[in-house]
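Chemist: Here it is, the structure, as structure tokens.
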Amino acid sequence: MNYAAVFAAVFVGLYIAHSVGDHWVQSSCQAATKGLPGWPGRLACGRHVLGLTATKLVVLVPLVLVLDLDVTVLGLAVGLGLDAASHFWADRRTTLARLADRCGKGEFYSLGTPTHPAHPVTAEGGYAPTLGTGAYALDQSWHILWLGIAALLIAAL
């Protein structure tokens, strides 16, 4: 078995599924409420991660079958389980914000938001919402890191 080829194919599949699941499958309600404190936020985040993980399976199963990749159920379970846990952890928002602060990335995390001193403004001087925030960039890079770890586990187990 060529572990490098399995890793590469699985990572590409996970990356594609992540992008679709995080942006197309996630509902607006989940996106708006997954960071809320307590059970409402936890449940919204759990529903998001469930839909995201299902999307990853929908992409990975045909990929594994068509390319005849040597992947085990254990590898898929461990890789996707760890990816789901890391995604839930980051998407609760306060956790990733605290990590950013501890790593000296607090100002970058707030970039593009009203709390940043150089936030984007409209012609009238009000806040201009944007998808280009530091929080979003750190969120996505966190998820990509764990996609790589998941792909490595799926290929190796």
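In the structure tokens, chains take letters A, B, ... by order of appearance, with residues numbered from 1 within each chain and ligands from 1 in the order shown.
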So that I can check the surroundings of segment 63-65 of chain A, please list as a ChimeraX atom specification every protein, DNA and RNA residue that reaches within 8 Å of it, counting only C-alpha atoms and ignoring chain neighbours fewer than 4 positions away.
Modeler: /A:9-10,13,59,69-71
Chemist: Would you list, as a list of chain:residue names, the residues of segment 89-134 of chain A that end up in helix (DSSP H, G or I) under DSSP run on this structure's backbone?
Modeler: A:Trp89, A:Ala90, A:Asp91, A:Thr94, A:Thr95, A:Leu96, A:Ala97, A:Arg98, A:Leu99, A:Ala100, A:Asp101, A:Arg102, A:Gly106, A:Glu107, A:Phe108, A:Tyr109, A:Ser110, A:Gly134
Chemist: Counting only C-alpha atoms, what are the residues of segment 72-104 of chain A within 10 Å of segment 131-140 of chain A, and for each of them which pair of atoms is the nearest and at what distance in Å, to one decimal? Sort the table by chain and rising number, as a Markdown table.
Modeler:
```
| residue | atom | partner | partner_atom | distance |
| --- | --- | --- | --- | --- |
| A:His87 | CA | A:Asp139 | CA | 9.0 |
| A:Ala90 | CA | A:Asp139 | CA | 6.9 |
| A:Asp91 | CA | A:Asp139 | CA | 7.7 |
| A:Arg93 | CA | A:Asp139 | CA | 8.8 |
| A:Leu96 | CA | A:Asp139 | CA | 7.4 |
| A:Ala97 | CA | A:Ala135 | CA | 7.7 |
| A:Ala100 | CA | A:Leu138 | CA | 8.1 |
```
Chemist: Next, dump the selected residues to file, keeping only C-alpha atoms, as an mmCIF file, in the first residue's frame.
Modeler:
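Contents of result17.cif, freshly written:
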```
data_model
loop_
_atom_site.group_PDB
_atom_site.id
_atom_site.type_symbol
_atom_site.label_atom_id
_atom_site.label_comp_id
_atom_site.auth_asym_id
_atom_site.auth_seq_id
_atom_site.Cartn_x
_atom_site.Cartn_y
_atom_site.Cartn_z
ATOM 1 C CA HIS A 87 -14.159 21.135 14.843
ATOM 2 C CA ALA A 90 -13.056 25.460 17.662
ATOM 3 C CA ASP A 91 -16.594 26.323 16.555
ATOM 4 C CA ARG A 93 -15.814 30.294 19.380
ATOM 5 C CA LEU A 96 -10.459 29.387 19.614
ATOM 6 C CA ALA A 97 -10.507 33.045 20.698
ATOM 7 C CA ALA A 100 -5.551 32.990 19.706
#
```
Chemist: Neighbours of Val49 of chain A within 10 Å (only C-alpha atoms; same-chain residues fewer than 3 positions away dropped), as a list of chain:residue names?
Modeler: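 Answer for this query is A:Gly21, A:Asp22, A:Gln26, A:Gln30, A:Lys34, A:Leu43, A:Ala44, A:Cys45, A:Gly46, A:Leu52, A:Thr53, A:Ala54, A:Thr55, A:Asp83, A:Ala84, A:Ala85, A:Ser86, A:His87, A:Phe88, A:Asp91.
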Chemist: Export, as a CSV table (one decimal), in the first residue's frame, the selected residues with all heavy atoms.
Modeler:
```csv
chain,number,residue,atom,x,y,z
A,21,GLY,N,-19.3,21.3,3.5
A,21,GLY,CA,-20.0,21.1,4.7
A,21,GLY,C,-20.0,22.4,5.6
A,21,GLY,O,-21.0,22.7,6.3
A,22,ASP,N,-18.9,23.1,5.6
A,22,ASP,CA,-18.8,24.3,6.5
A,22,ASP,C,-19.5,25.5,5.9
A,22,ASP,O,-19.9,26.4,6.7
A,22,ASP,CB,-17.3,24.6,6.8
A,22,ASP,CG,-17.0,25.0,8.2
A,22,ASP,OD1,-17.8,24.7,9.1
A,22,ASP,OD2,-16.0,25.7,8.4
A,26,GLN,N,-24.0,23.7,6.4
A,26,GLN,CA,-24.3,24.4,7.7
A,26,GLN,C,-25.4,25.4,7.5
A,26,GLN,O,-25.4,26.2,6.6
A,26,GLN,CB,-23.0,25.1,8.2
A,26,GLN,CG,-23.3,25.9,9.5
A,26,GLN,CD,-22.0,26.5,10.1
A,26,GLN,OE1,-21.9,26.7,11.3
A,26,GLN,NE2,-21.0,26.8,9.2
A,30,GLN,N,-27.5,27.5,12.6
A,30,GLN,CA,-26.3,26.8,13.2
A,30,GLN,C,-25.1,27.8,13.3
A,30,GLN,O,-24.5,27.9,14.3
A,30,GLN,CB,-25.9,25.6,12.5
A,30,GLN,CG,-26.9,24.4,12.6
A,30,GLN,CD,-26.6,23.3,11.6
A,30,GLN,OE1,-25.8,23.5,10.7
A,30,GLN,NE2,-27.3,22.2,11.7
A,34,LYS,N,-24.1,28.5,17.2
A,34,LYS,CA,-23.2,27.5,17.6
A,34,LYS,C,-22.2,28.0,18.7
A,34,LYS,O,-21.6,27.3,19.4
A,34,LYS,CB,-22.4,26.8,16.5
A,34,LYS,CG,-21.5,27.8,15.7
A,34,LYS,CD,-21.0,27.1,14.5
A,34,LYS,CE,-20.0,28.0,13.7
A,34,LYS,NZ,-19.6,27.4,12.5
A,43,LEU,N,-25.8,22.4,21.3
A,43,LEU,CA,-26.7,21.6,20.4
A,43,LEU,C,-26.5,22.1,19.0
A,43,LEU,O,-26.5,21.3,18.0
A,43,LEU,CB,-28.1,21.7,20.9
A,43,LEU,CG,-28.4,20.9,22.2
A,43,LEU,CD1,-29.8,21.2,22.7
A,43,LEU,CD2,-28.1,19.4,22.0
A,44,ALA,N,-26.5,23.4,18.8
A,44,ALA,CA,-26.4,24.0,17.4
A,44,ALA,C,-25.0,23.6,16.8
A,44,ALA,O,-24.9,23.2,15.7
A,44,ALA,CB,-26.5,25.5,17.4
A,45,CYS,N,-24.0,23.6,17.6
A,45,CYS,CA,-22.7,23.2,17.2
A,45,CYS,C,-22.6,21.7,16.9
A,45,CYS,O,-22.0,21.3,15.9
A,45,CYS,CB,-21.6,23.6,18.2
A,45,CYS,SG,-19.9,23.6,17.6
A,46,GLY,N,-23.3,21.0,17.7
A,46,GLY,CA,-23.3,19.5,17.5
A,46,GLY,C,-24.1,19.2,16.2
A,46,GLY,O,-23.6,18.3,15.4
A,52,LEU,N,-21.6,18.2,9.0
A,52,LEU,CA,-20.2,18.3,8.4
A,52,LEU,C,-19.6,16.9,8.3
A,52,LEU,O,-19.0,16.6,7.2
A,52,LEU,CB,-19.4,19.2,9.2
A,52,LEU,CG,-17.9,19.5,8.8
A,52,LEU,CD1,-17.9,20.2,7.5
A,52,LEU,CD2,-17.2,20.3,9.9
A,53,THR,N,-19.7,16.1,9.3
A,53,THR,CA,-19.1,14.8,9.3
A,53,THR,C,-19.8,13.9,8.3
A,53,THR,O,-19.2,13.1,7.6
A,53,THR,CB,-19.1,14.2,10.7
A,53,THR,OG1,-18.4,15.1,11.6
A,53,THR,CG2,-18.4,12.8,10.7
A,54,ALA,N,-21.1,14.0,8.2
A,54,ALA,CA,-21.9,13.3,7.2
A,54,ALA,C,-21.4,13.7,5.8
A,54,ALA,O,-21.3,12.8,4.9
A,54,ALA,CB,-23.4,13.5,7.4
A,55,THR,N,-21.2,14.9,5.6
A,55,THR,CA,-20.7,15.4,4.3
A,55,THR,C,-19.4,14.8,4.0
A,55,THR,O,-19.1,14.4,2.8
A,55,THR,CB,-20.6,16.9,4.3
A,55,THR,OG1,-21.9,17.5,4.6
A,55,THR,CG2,-20.2,17.5,2.9
A,83,ASP,N,-11.4,14.6,14.0
A,83,ASP,CA,-11.7,15.8,13.2
A,83,ASP,C,-13.0,16.5,13.8
A,83,ASP,O,-13.0,17.7,13.9
A,83,ASP,CB,-11.8,15.5,11.7
A,83,ASP,CG,-12.3,16.7,10.9
A,83,ASP,OD1,-11.5,17.7,10.8
A,83,ASP,OD2,-13.4,16.6,10.4
A,84,ALA,N,-14.0,15.7,14.0
A,84,ALA,CA,-15.3,16.2,14.5
A,84,ALA,C,-15.1,16.9,15.9
A,84,ALA,O,-15.6,18.0,16.1
A,84,ALA,CB,-16.3,15.1,14.6
A,85,ALA,N,-14.3,16.2,16.8
A,85,ALA,CA,-14.1,16.8,18.1
A,85,ALA,C,-13.3,18.1,18.0
A,85,ALA,O,-13.7,19.1,18.7
A,85,ALA,CB,-13.3,15.8,19.0
A,86,SER,N,-12.3,18.2,17.2
A,86,SER,CA,-11.6,19.4,17.0
A,86,SER,C,-12.4,20.5,16.4
A,86,SER,O,-12.3,21.7,16.7
A,86,SER,CB,-10.3,19.2,16.2
A,86,SER,OG,-10.6,19.0,14.8
A,87,HIS,N,-13.3,20.2,15.5
A,87,HIS,CA,-14.2,21.1,14.8
A,87,HIS,C,-15.2,21.7,15.9
A,87,HIS,O,-15.4,22.9,15.9
A,87,HIS,CB,-14.9,20.5,13.6
A,87,HIS,CG,-15.4,21.5,12.7
A,87,HIS,ND1,-14.8,21.8,11.5
A,87,HIS,CD2,-16.5,22.3,12.8
A,87,HIS,CE1,-15.4,22.8,10.9
A,87,HIS,NE2,-16.5,23.1,11.6
A,88,PHE,N,-15.8,20.8,16.6
A,88,PHE,CA,-16.7,21.3,17.7
A,88,PHE,C,-16.0,22.2,18.6
A,88,PHE,O,-16.5,23.3,19.0
A,88,PHE,CB,-17.3,20.0,18.4
A,88,PHE,CG,-18.3,20.4,19.5
A,88,PHE,CD1,-19.6,20.5,19.2
A,88,PHE,CD2,-17.9,20.7,20.8
A,88,PHE,CE1,-20.5,20.8,20.2
A,88,PHE,CE2,-18.8,21.0,21.8
A,88,PHE,CZ,-20.1,21.1,21.5
A,91,ASP,N,-15.4,25.6,17.0
A,91,ASP,CA,-16.6,26.3,16.6
A,91,ASP,C,-17.4,26.8,17.7
A,91,ASP,O,-18.4,27.6,17.5
A,91,ASP,CB,-17.4,25.5,15.6
A,91,ASP,CG,-17.0,25.6,14.2
A,91,ASP,OD1,-15.9,26.1,13.9
A,91,ASP,OD2,-17.8,25.3,13.3
```
Chemist: Smallest atom-to-atom distance to Gly79 of chain A: which of A:Phe108, A:Tyr15, A:Trp146, A:Trp39, using only C-alpha atoms?
Modeler: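 Among the listed residues, A:Trp146 lies closest to Gly79 of chain A.
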Chemist: One decimal, in Å: what's the spacing between atom CA of Val58 of chain A and atom CA of Pro40 of chain A?
Modeler: 27.2 Å
Chemist: So how many Å separate atom CA of Gly75 of chain A and atom CA of Gly35 of chain A, to one decimal?
Modeler: 29.5 Å
Chemist: Between A:Arg102, A:His143, A:His23, A:Arg92, which is the closest to Gly41 of chain A once you count only C-alpha atoms?
Modeler: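 Closest candidate: A:Arg92.
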